[in-house]
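Step one of this worksheet: look at the structure below.
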Amino acid sequence: MRIPLSEEVVKLKPSGIRKFFDIVHEMKDAISLGVGEPDFDTPWHIRDEGIYSLEKGKTIYTSNSGLLQLREEIAKYLERRYKVSYDPRTEMLITVGGSEGIDVGLRAMLNPGDEVLIPQPSYVSYEPCTIIAGGKPVIIELKAENEFRLTEQELRDAITDKTRVLILPFPNNPTGAIMERKDLEAIAKVCIEKDIFVMSDEIYAELTYNGDHVSIASLPGMKERTILINGFSKAYAMTGWRLGYACGPAEVIKQMTKIHQFCIMCAPTTSQYAAIEAVKNGDEDIAEMREAYNQRRRFLLNAFKEMGLDCFEPFGAFYVFPCIKEFNMTSEEFATRFLEEEKVAAVPGTAFGDCGEGFLRISYAYSLEHLKTAMERLKRFVEKLRKEQER
Amino acid sequence: MREKILAVIEKNSRIEIKELAVILGMDELAVANEIKKMEEEGIICGYHTLIDWEKTSIEKVTALIEVRVTPQRGQGFDSIAERIYNYPEVNAVYLISGGYDLLVSLEGKTLKEVSLFVSDKLSTLETVISTATHFVLKKYKDHGTVLAKKSVDERETITL
């Protein structure tokens, strides 16, 4: 028998994040710092609207683009929060999470051989999605000394005449880095000059801790060359609802909607009804969760400082990305020993690109109590490693 | 500043000042001073412990009692409320809008003890017109904390 398999897909590397957590589940007393989803439940009033929609029998498909009412509310929200306006009828598509938007967007835009610039460390799906779409990923290695922001020079150096799309993953998973207005203005200038499109993954936009997030789509001349990806998972703790959206020029959204309608039909109806409530009345929930994350973020940074662990201050998402280069081991070695000896799982930076070597991703989507226990163990581990080095 | 401090310590009064200052990104001394001031001003009235007595072997009965009273000239409800809250078995007294006047939360060892308090002490007060006693059968949630079940982290392994 010949099993038909796509060579391109077989060649894709599986995500490096899973490995550790499968062990955690089997190991007694092991605790995790690895989960990349909020520890909060979806606020009740949002769940309630989902339940209510089921009670009313709203169990049918929606239009391919998603409920118009939801798109209208999202348009208002984007205007209110990020000063960028989209036509809910032609410039928006409701997707199954932000991740579908990334996939469908790349497939709608790329032709064979087109180059996609992917700053790393970053979320694991950009590279495989580019490959599946027939494009060629070109990695830009971000640097700790720039607080893992993308600089104008790094962008210029990576551009060729085949470059079509730049992925802009900020606030960033796994580094927690953000791009401020001035950083984005420098990038926007290059994109306009070199005629490059941007796919801006702003799924963590609501989680910034030094002022409001700026969307590159809101900068002059950028809305027409940007696909904005966002969703409900992180801001409203709605990961399991699988709901996101993509906004951009009507020409691109039209093609994206075509792919979406053939492989997905439409995003889950229940989730869409719940999301209307979220986007209309969820601002306070976001503020409350953001404050809780910020407290934990400060706690971790202080803990690193006390144990002398090098870490830049990240202002976004719910990750910190401490540097472990002083111990002269790879991220993977460090993470493996940390798990075996102290029973704490954290993701090696290399799971997010080769340039994550020497770093560890620590999520703070955990209670303060949990983080406290983890930091006690990390402190003990770090001290032990330093003693070993002295010998 | 006060609002943020209160929001944290309302949920966790045992947090150390140093840690409180760290998570709020504030100066330790400033936080300590602010708490002291709020204690003096009576904003912070105590640091109690939330106990689920059900899980202990100690018998306790809680009752909520609706009380209708005749307000007194010049004093309104204050003096009768004081008469009631001075009893140590009374946990809380609230002036309520609606069908009755005072809501009294009471704790006793047994049903009988609570009943006796109501019939002997509360009902016999001069200005009390009537009472209605509701015994608490189960506390599901108290002070914003769910007592009924312990939450577990059910998040699964996923490529994030």
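Identifiers in this document derive from the order of the structure tokens: chains are assigned A, B, ..., residues are numbered from 1 separately in each chain, and ligands are numbered from 1 in order of occurrence.
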Could you write out as an mmCIF file with all heavy atoms, in the first residue's frame the residues of chain A within 8 Å of chain B, counting only C-alpha atoms?
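File result-v5.cif, as written:
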data_model
loop_
_atom_site.group_PDB
_atom_site.id
_atom_site.type_symbol
_atom_site.label_atom_id
_atom_site.label_comp_id
_atom_site.auth_asym_id
_atom_site.auth_seq_id
_atom_site.Cartn_x
_atom_site.Cartn_y
_atom_site.Cartn_z
ATOM 1 N N SER A 15 5.968 21.454 16.391
ATOM 2 C CA SER A 15 6.321 22.492 17.349
ATOM 3 C C SER A 15 7.099 21.916 18.523
ATOM 4 O O SER A 15 6.798 20.842 19.031
ATOM 5 C CB SER A 15 5.052 23.165 17.856
ATOM 6 O OG SER A 15 5.302 23.779 19.090
ATOM 7 N N GLY A 16 8.123 22.655 18.951
ATOM 8 C CA GLY A 16 8.973 22.199 20.050
ATOM 9 C C GLY A 16 8.346 22.402 21.418
ATOM 10 O O GLY A 16 8.918 22.029 22.439
ATOM 11 N N ILE A 17 7.195 23.022 21.462
ATOM 12 C CA ILE A 17 6.620 23.359 22.766
ATOM 13 C C ILE A 17 5.982 22.145 23.430
ATOM 14 O O ILE A 17 6.062 21.964 24.634
ATOM 15 C CB ILE A 17 5.557 24.474 22.624
ATOM 16 C CG1 ILE A 17 6.164 25.648 21.871
ATOM 17 C CG2 ILE A 17 5.065 24.918 23.973
ATOM 18 C CD1 ILE A 17 5.191 26.765 21.599
ATOM 19 N N ARG A 18 5.394 21.319 22.602
ATOM 20 C CA ARG A 18 4.634 20.184 23.129
ATOM 21 C C ARG A 18 5.452 19.264 24.023
ATOM 22 O O ARG A 18 5.012 18.831 25.080
ATOM 23 C CB ARG A 18 4.107 19.335 21.970
ATOM 24 C CG ARG A 18 2.868 19.872 21.324
ATOM 25 C CD ARG A 18 2.168 18.728 20.635
ATOM 26 N NE ARG A 18 1.640 17.784 21.586
ATOM 27 C CZ ARG A 18 0.357 17.632 21.808
ATOM 28 N NH1 ARG A 18 -0.501 18.355 21.170
ATOM 29 N NH2 ARG A 18 -0.073 16.736 22.678
ATOM 30 N N PHE A 21 5.609 19.508 27.753
ATOM 31 C CA PHE A 21 4.375 19.449 28.519
ATOM 32 C C PHE A 21 3.761 18.072 28.575
ATOM 33 O O PHE A 21 3.019 17.755 29.498
ATOM 34 C CB PHE A 21 3.432 20.542 28.039
ATOM 35 C CG PHE A 21 4.117 21.825 28.251
ATOM 36 C CD1 PHE A 21 4.672 22.524 27.204
ATOM 37 C CD2 PHE A 21 4.366 22.247 29.552
ATOM 38 C CE1 PHE A 21 5.418 23.649 27.441
ATOM 39 C CE2 PHE A 21 5.109 23.369 29.786
ATOM 40 C CZ PHE A 21 5.639 24.085 28.730
ATOM 41 N N ASP A 22 4.120 17.281 27.614
ATOM 42 C CA ASP A 22 3.682 15.895 27.716
ATOM 43 C C ASP A 22 4.334 15.253 28.932
ATOM 44 O O ASP A 22 3.726 14.458 29.643
ATOM 45 C CB ASP A 22 4.038 15.142 26.431
ATOM 46 C CG ASP A 22 3.150 15.601 25.273
ATOM 47 O OD1 ASP A 22 2.029 16.056 25.556
ATOM 48 O OD2 ASP A 22 3.581 15.520 24.113
ATOM 49 N N VAL A 35 2.250 27.399 29.806
ATOM 50 C CA VAL A 35 0.995 27.520 29.079
ATOM 51 C C VAL A 35 0.828 28.911 28.478
ATOM 52 O O VAL A 35 1.049 29.912 29.137
ATOM 53 C CB VAL A 35 -0.192 27.190 30.006
ATOM 54 C CG1 VAL A 35 -1.503 27.358 29.256
ATOM 55 C CG2 VAL A 35 -0.081 25.773 30.508
ATOM 56 N N GLY A 36 0.443 28.951 27.222
ATOM 57 C CA GLY A 36 0.281 30.220 26.529
ATOM 58 C C GLY A 36 -1.165 30.646 26.411
ATOM 59 O O GLY A 36 -1.554 31.243 25.427
ATOM 60 N N GLU A 37 -1.974 30.320 27.398
ATOM 61 C CA GLU A 37 -3.356 30.804 27.365
ATOM 62 C C GLU A 37 -3.755 31.322 28.733
ATOM 63 O O GLU A 37 -3.228 30.882 29.747
ATOM 64 C CB GLU A 37 -4.325 29.725 26.877
ATOM 65 C CG GLU A 37 -4.488 28.528 27.770
ATOM 66 C CD GLU A 37 -5.522 27.544 27.218
ATOM 67 O OE1 GLU A 37 -6.639 27.983 26.917
ATOM 68 O OE2 GLU A 37 -5.204 26.350 27.087
ATOM 69 N N ASP A 39 -5.223 32.158 32.339
ATOM 70 C CA ASP A 39 -5.697 31.268 33.400
ATOM 71 C C ASP A 39 -7.079 31.684 33.884
ATOM 72 O O ASP A 39 -7.635 31.058 34.768
ATOM 73 C CB ASP A 39 -4.703 31.256 34.574
ATOM 74 C CG ASP A 39 -4.460 32.638 35.145
ATOM 75 O OD1 ASP A 39 -4.360 33.592 34.354
ATOM 76 O OD2 ASP A 39 -4.373 32.778 36.374
ATOM 77 N N TYR A 123 5.870 33.410 17.374
ATOM 78 C CA TYR A 123 4.889 32.330 17.373
ATOM 79 C C TYR A 123 5.207 31.332 16.265
ATOM 80 O O TYR A 123 5.685 31.692 15.196
ATOM 81 C CB TYR A 123 3.496 32.947 17.193
ATOM 82 C CG TYR A 123 2.373 31.957 17.113
ATOM 83 C CD1 TYR A 123 2.174 31.023 18.118
ATOM 84 C CD2 TYR A 123 1.505 31.968 16.025
ATOM 85 C CE1 TYR A 123 1.132 30.122 18.042
ATOM 86 C CE2 TYR A 123 0.457 31.068 15.947
ATOM 87 C CZ TYR A 123 0.279 30.145 16.958
ATOM 88 O OH TYR A 123 -0.750 29.255 16.876
ATOM 89 N N VAL A 124 4.924 30.065 16.542
ATOM 90 C CA VAL A 124 5.451 28.987 15.707
ATOM 91 C C VAL A 124 4.763 28.781 14.357
ATOM 92 O O VAL A 124 5.244 27.992 13.554
ATOM 93 C CB VAL A 124 5.394 27.649 16.486
ATOM 94 C CG1 VAL A 124 6.360 27.695 17.654
ATOM 95 C CG2 VAL A 124 3.990 27.357 16.979
ATOM 96 N N ASN A 294 -0.195 42.368 34.911
ATOM 97 C CA ASN A 294 0.866 43.339 35.168
ATOM 98 C C ASN A 294 1.499 43.112 36.547
ATOM 99 O O ASN A 294 2.713 43.197 36.717
ATOM 100 C CB ASN A 294 0.287 44.753 35.071
ATOM 101 C CG ASN A 294 1.370 45.803 34.896
ATOM 102 O OD1 ASN A 294 2.554 45.485 34.722
ATOM 103 N ND2 ASN A 294 0.978 47.063 34.941
ATOM 104 N N GLN A 295 0.673 42.768 37.530
ATOM 105 C CA GLN A 295 1.198 42.499 38.869
ATOM 106 C C GLN A 295 2.139 41.304 38.835
ATOM 107 O O GLN A 295 3.201 41.297 39.454
ATOM 108 C CB GLN A 295 0.050 42.253 39.848
ATOM 109 C CG GLN A 295 -0.785 43.503 40.088
ATOM 110 C CD GLN A 295 -1.941 43.272 41.048
ATOM 111 O OE1 GLN A 295 -2.100 42.196 41.610
ATOM 112 N NE2 GLN A 295 -2.755 44.294 41.237
ATOM 113 N N ARG A 296 1.744 40.288 38.095
ATOM 114 C CA ARG A 296 2.585 39.090 38.021
ATOM 115 C C ARG A 296 3.874 39.396 37.262
ATOM 116 O O ARG A 296 4.944 38.885 37.593
ATOM 117 C CB ARG A 296 1.834 37.991 37.278
ATOM 118 C CG ARG A 296 0.534 37.621 37.952
ATOM 119 C CD ARG A 296 -0.333 36.930 36.948
ATOM 120 N NE ARG A 296 -1.635 36.580 37.496
ATOM 121 C CZ ARG A 296 -2.507 35.854 36.835
ATOM 122 N NH1 ARG A 296 -2.224 35.387 35.632
ATOM 123 N NH2 ARG A 296 -3.669 35.571 37.373
ATOM 124 N N ARG A 297 3.737 40.213 36.216
ATOM 125 C CA ARG A 297 4.906 40.599 35.419
ATOM 126 C C ARG A 297 5.938 41.295 36.311
ATOM 127 O O ARG A 297 7.123 40.955 36.297
ATOM 128 C CB ARG A 297 4.447 41.549 34.304
ATOM 129 C CG ARG A 297 5.493 41.971 33.305
ATOM 130 C CD ARG A 297 4.885 42.995 32.346
ATOM 131 N NE ARG A 297 4.644 44.258 33.029
ATOM 132 C CZ ARG A 297 5.513 45.260 33.055
ATOM 133 N NH1 ARG A 297 6.646 45.182 32.405
ATOM 134 N NH2 ARG A 297 5.233 46.371 33.718
ATOM 135 N N ARG A 298 5.458 42.220 37.135
ATOM 136 C CA ARG A 298 6.373 42.919 38.037
ATOM 137 C C ARG A 298 6.983 41.954 39.042
ATOM 138 O O ARG A 298 8.163 42.038 39.371
ATOM 139 C CB ARG A 298 5.631 44.033 38.779
ATOM 140 C CG ARG A 298 5.166 45.162 37.893
ATOM 141 C CD ARG A 298 4.762 46.344 38.775
ATOM 142 N NE ARG A 298 4.098 47.386 38.018
ATOM 143 C CZ ARG A 298 2.792 47.642 38.090
ATOM 144 N NH1 ARG A 298 2.015 46.922 38.883
ATOM 145 N NH2 ARG A 298 2.263 48.611 37.393
ATOM 146 N N PHE A 299 6.163 41.039 39.524
ATOM 147 C CA PHE A 299 6.664 40.054 40.488
ATOM 148 C C PHE A 299 7.810 39.249 39.879
ATOM 149 O O PHE A 299 8.859 39.076 40.504
ATOM 150 C CB PHE A 299 5.528 39.124 40.930
ATOM 151 C CG PHE A 299 6.004 37.955 41.733
ATOM 152 C CD1 PHE A 299 6.319 38.113 43.085
ATOM 153 C CD2 PHE A 299 6.196 36.715 41.154
ATOM 154 C CE1 PHE A 299 6.797 37.051 43.827
ATOM 155 C CE2 PHE A 299 6.668 35.643 41.886
ATOM 156 C CZ PHE A 299 6.968 35.810 43.221
ATOM 157 N N ASN A 302 11.025 41.270 39.317
ATOM 158 C CA ASN A 302 11.699 41.495 40.589
ATOM 159 C C ASN A 302 12.405 40.228 41.077
ATOM 160 O O ASN A 302 13.527 40.276 41.592
ATOM 161 C CB ASN A 302 10.681 41.977 41.627
ATOM 162 C CG ASN A 302 11.337 42.323 42.947
ATOM 163 O OD1 ASN A 302 12.098 43.277 43.022
ATOM 164 N ND2 ASN A 302 11.078 41.527 43.976
#
(message) Applying 10 Å and only C-alpha atoms, which residues near A:Gly135 remain after dropping the ones on its own chain fewer than 4 positions away? List them as a list in words.
(response) Leu106, Arg107, Met109, Leu110, Asn111, Pro112, Gly113, Asp114, Glu115, Val116, Glu127, Pro128, Cys129, Thr130, Ile131, Thr163, Arg164 and Val165 of chain A
If you keep N, CA, C and O atoms, can you produce a file of those selected residues as a tab-separated table (two decimals), in the first residue's frame?
chain	number	residue	atom	x	y	z
A	106	LEU	N	-2.00	34.35	4.32
A	106	LEU	CA	-0.80	34.03	3.54
A	106	LEU	C	-1.17	33.30	2.26
A	106	LEU	O	-0.63	33.58	1.18
A	107	ARG	N	-2.11	32.38	2.36
A	107	ARG	CA	-2.50	31.64	1.16
A	107	ARG	C	-3.14	32.55	0.12
A	107	ARG	O	-3.01	32.33	-1.08
A	109	MET	N	-2.37	35.66	-0.37
A	109	MET	CA	-1.45	36.68	-0.89
A	109	MET	C	-0.25	36.14	-1.65
A	109	MET	O	0.34	36.85	-2.46
A	110	LEU	N	0.15	34.90	-1.37
A	110	LEU	CA	1.45	34.45	-1.87
A	110	LEU	C	1.37	33.69	-3.19
A	110	LEU	O	0.43	32.94	-3.47
A	111	ASN	N	2.40	33.88	-4.00
A	111	ASN	CA	2.63	33.06	-5.19
A	111	ASN	C	3.94	32.31	-4.97
A	111	ASN	O	4.77	32.74	-4.14
A	112	PRO	N	4.14	31.20	-5.70
A	112	PRO	CA	5.34	30.40	-5.47
A	112	PRO	C	6.62	31.25	-5.51
A	112	PRO	O	6.82	32.05	-6.42
A	113	GLY	N	7.43	31.06	-4.49
A	113	GLY	CA	8.71	31.76	-4.45
A	113	GLY	C	8.68	33.13	-3.79
A	113	GLY	O	9.71	33.71	-3.50
A	114	ASP	N	7.47	33.64	-3.52
A	114	ASP	CA	7.38	34.95	-2.85
A	114	ASP	C	8.00	34.86	-1.45
A	114	ASP	O	7.78	33.88	-0.73
A	115	GLU	N	8.73	35.87	-1.10
A	115	GLU	CA	9.39	35.84	0.21
A	115	GLU	C	8.56	36.54	1.29
A	115	GLU	O	8.01	37.61	1.07
A	116	VAL	N	8.52	35.88	2.44
A	116	VAL	CA	7.82	36.43	3.60
A	116	VAL	C	8.83	36.65	4.70
A	116	VAL	O	9.56	35.73	5.09
A	127	GLU	N	6.09	30.36	9.94
A	127	GLU	CA	6.98	29.69	9.00
A	127	GLU	C	6.26	28.55	8.26
A	127	GLU	O	6.23	28.54	7.03
A	128	PRO	N	5.67	27.58	8.99
A	128	PRO	CA	4.96	26.51	8.27
A	128	PRO	C	3.82	27.01	7.41
A	128	PRO	O	3.61	26.51	6.29
A	129	CYS	N	3.07	28.02	7.87
A	129	CYS	CA	1.97	28.53	7.06
A	129	CYS	C	2.48	29.16	5.77
A	129	CYS	O	1.86	29.04	4.71
A	130	THR	N	3.63	29.83	5.85
A	130	THR	CA	4.23	30.41	4.65
A	130	THR	C	4.61	29.30	3.67
A	130	THR	O	4.34	29.39	2.47
A	131	ILE	N	5.22	28.24	4.19
A	131	ILE	CA	5.65	27.14	3.33
A	131	ILE	C	4.45	26.47	2.68
A	131	ILE	O	4.43	26.23	1.48
A	163	THR	N	10.58	40.01	-1.92
A	163	THR	CA	9.85	40.20	-0.67
A	163	THR	C	8.44	40.72	-0.93
A	163	THR	O	8.27	41.72	-1.63
A	164	ARG	N	7.45	40.04	-0.39
A	164	ARG	CA	6.07	40.49	-0.57
A	164	ARG	C	5.42	40.92	0.74
A	164	ARG	O	4.69	41.88	0.79
A	165	VAL	N	5.67	40.12	1.77
A	165	VAL	CA	4.94	40.34	3.03
A	165	VAL	C	5.91	40.34	4.21
A	165	VAL	O	6.86	39.56	4.26
(message) If we count only C-alpha atoms and set the cut-off at 10 Å, which residues sit around stretch 142-145 of chain B, ignoring sequence neighbours fewer than 2 positions away in its own chain? Please answer as a VMD selection string.
(response) chain B and resid 10 to 11 50 to 52 139 to 140 147 to 148
(request) For B:Ile65, work out the shell of residues within 8 Å, counting only C-alpha atoms and skipping chain neighbours fewer than 6 positions away, then give it as number ranges by chain. (result) B: 103-106, 131-134
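The residue that comes closest to B:Gly99, out of B:Asp120, B:Ser115, B:Glu66, B:Phe77 and on the basis of only C-alpha atoms, is B:Glu66.
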(message) Give me, as number ranges by chain, the residues of stretch 123-286 of chain A that a backbone DSSP run labels alpha helix (DSSP H).
(response) A: 126-132, 152-158, 181-193, 250-263, 269-281, 283-286
Neighbour list for A:Ile94 as a short mmCIF file (atom, residue, chain, number, x, y, z; two decimals) with N, CA and C atoms, in the first residue's frame, cut-off 12 Å, only C-alpha atoms, skip fewer than 6 positions in-chain:
data_model
loop_
_atom_site.label_atom_id
_atom_site.label_comp_id
_atom_site.auth_asym_id
_atom_site.auth_seq_id
_atom_site.Cartn_x
_atom_site.Cartn_y
_atom_site.Cartn_z
N THR A 62 -23.53 30.93 10.16
CA THR A 62 -23.69 32.36 9.90
C THR A 62 -23.24 32.58 8.45
N SER A 63 -23.25 33.81 7.99
CA SER A 63 -22.70 34.06 6.65
C SER A 63 -21.21 33.72 6.68
N ASN A 64 -20.62 33.50 5.53
CA ASN A 64 -19.21 33.12 5.48
C ASN A 64 -18.30 34.12 6.20
N SER A 65 -18.62 35.38 6.03
CA SER A 65 -17.77 36.42 6.64
C SER A 65 -18.00 36.55 8.14
N GLY A 66 -19.08 35.96 8.64
CA GLY A 66 -19.41 36.10 10.05
C GLY A 66 -20.61 37.00 10.22
N LEU A 67 -21.21 36.98 11.42
CA LEU A 67 -22.39 37.81 11.69
C LEU A 67 -22.07 39.28 11.42
N LEU A 68 -22.95 39.93 10.68
CA LEU A 68 -22.70 41.34 10.38
C LEU A 68 -22.66 42.18 11.66
N GLN A 69 -23.54 41.83 12.60
CA GLN A 69 -23.56 42.60 13.85
C GLN A 69 -22.21 42.51 14.58
N LEU A 70 -21.61 41.34 14.54
CA LEU A 70 -20.31 41.18 15.18
C LEU A 70 -19.26 42.02 14.45
N ARG A 71 -19.28 41.97 13.12
CA ARG A 71 -18.31 42.75 12.36
C ARG A 71 -18.47 44.24 12.62
N GLU A 72 -19.74 44.66 12.74
CA GLU A 72 -19.98 46.08 13.01
C GLU A 72 -19.43 46.47 14.39
N GLU A 73 -19.64 45.60 15.35
CA GLU A 73 -19.15 45.90 16.70
C GLU A 73 -17.62 45.90 16.75
N ILE A 74 -17.01 44.99 16.01
CA ILE A 74 -15.55 44.96 15.96
C ILE A 74 -15.02 46.24 15.31
N ALA A 75 -15.70 46.68 14.26
CA ALA A 75 -15.29 47.92 13.59
C ALA A 75 -15.31 49.09 14.57
N PRO A 88 -17.14 47.10 7.84
CA PRO A 88 -17.45 45.74 8.30
C PRO A 88 -17.99 44.83 7.19
N GLU A 100 -6.25 31.07 12.08
CA GLU A 100 -6.80 30.85 10.74
C GLU A 100 -6.54 32.07 9.86
N GLY A 101 -6.64 33.23 10.46
CA GLY A 101 -6.39 34.45 9.70
C GLY A 101 -4.98 34.48 9.11
N VAL A 104 -4.95 31.69 6.19
CA VAL A 104 -5.75 32.08 5.04
C VAL A 104 -5.16 33.34 4.38
N LEU A 228 -4.61 43.10 9.28
CA LEU A 228 -4.56 43.11 10.74
C LEU A 228 -5.21 41.83 11.26
N ILE A 229 -4.48 41.10 12.08
CA ILE A 229 -5.00 39.86 12.66
C ILE A 229 -5.25 40.11 14.14
N ASN A 230 -6.43 39.77 14.60
CA ASN A 230 -6.70 39.89 16.03
C ASN A 230 -7.74 38.83 16.39
N GLY A 231 -8.10 38.79 17.66
CA GLY A 231 -9.07 37.78 18.05
C GLY A 231 -9.44 37.92 19.52
N PHE A 232 -10.21 36.97 19.99
CA PHE A 232 -10.80 37.08 21.33
C PHE A 232 -10.07 36.27 22.38
N ARG A 242 -12.46 29.67 19.97
CA ARG A 242 -11.86 29.72 18.63
C ARG A 242 -12.45 30.82 17.77
N LEU A 243 -12.15 32.04 18.12
CA LEU A 243 -12.69 33.14 17.34
C LEU A 243 -11.69 34.27 17.17
N GLY A 244 -11.50 34.66 15.93
CA GLY A 244 -10.62 35.77 15.63
C GLY A 244 -11.15 36.54 14.44
N TYR A 245 -10.37 37.50 13.97
CA TYR A 245 -10.79 38.22 12.78
C TYR A 245 -9.59 38.79 12.04
N ALA A 246 -9.80 39.00 10.75
CA ALA A 246 -8.78 39.62 9.92
C ALA A 246 -9.41 40.83 9.25
N CYS A 247 -8.66 41.94 9.22
CA CYS A 247 -9.14 43.16 8.57
C CYS A 247 -8.09 43.60 7.57
N ILE A 253 -9.24 40.70 1.47
CA ILE A 253 -10.26 40.06 2.30
C ILE A 253 -11.20 39.20 1.44
N MET A 256 -9.40 36.02 0.76
CA MET A 256 -9.33 35.25 2.01
C MET A 256 -10.68 34.60 2.31
N THR A 257 -11.74 35.36 2.08
CA THR A 257 -13.08 34.85 2.35
C THR A 257 -13.39 33.64 1.48
N HIS A 260 -11.62 30.71 3.06
CA HIS A 260 -12.34 30.46 4.32
C HIS A 260 -13.67 29.75 4.04
N GLN A 261 -14.40 30.19 3.02
CA GLN A 261 -15.70 29.57 2.77
C GLN A 261 -15.57 28.13 2.28
N ILE A 264 -13.68 26.25 5.76
CA ILE A 264 -14.21 26.42 7.12
C ILE A 264 -15.73 26.67 7.11
N MET A 265 -16.22 27.25 6.04
CA MET A 265 -17.60 27.74 5.91
C MET A 265 -17.79 29.02 6.72
N CYS A 266 -17.82 28.87 8.06
CA CYS A 266 -17.92 30.07 8.88
C CYS A 266 -17.42 29.74 10.28
N ALA A 267 -17.08 30.76 11.03
CA ALA A 267 -16.62 30.55 12.41
C ALA A 267 -17.80 30.08 13.26
N PRO A 268 -17.52 29.42 14.40
CA PRO A 268 -18.61 28.88 15.23
C PRO A 268 -19.64 29.94 15.62
N THR A 269 -20.89 29.61 15.40
CA THR A 269 -21.98 30.56 15.61
C THR A 269 -22.11 30.98 17.08
N SER A 271 -19.91 31.04 19.37
CA SER A 271 -18.79 31.91 19.72
C SER A 271 -19.01 33.32 19.20
N GLN A 272 -19.59 33.41 18.03
CA GLN A 272 -19.82 34.74 17.46
C GLN A 272 -20.82 35.53 18.29
N TYR A 273 -21.86 34.87 18.75
CA TYR A 273 -22.82 35.59 19.60
C TYR A 273 -22.18 36.02 20.91
N ALA A 275 -19.10 36.65 21.33
CA ALA A 275 -18.11 37.68 21.03
C ALA A 275 -18.74 39.06 20.87
N ILE A 276 -19.99 39.10 20.40
CA ILE A 276 -20.67 40.40 20.30
C ILE A 276 -20.73 41.04 21.69
#
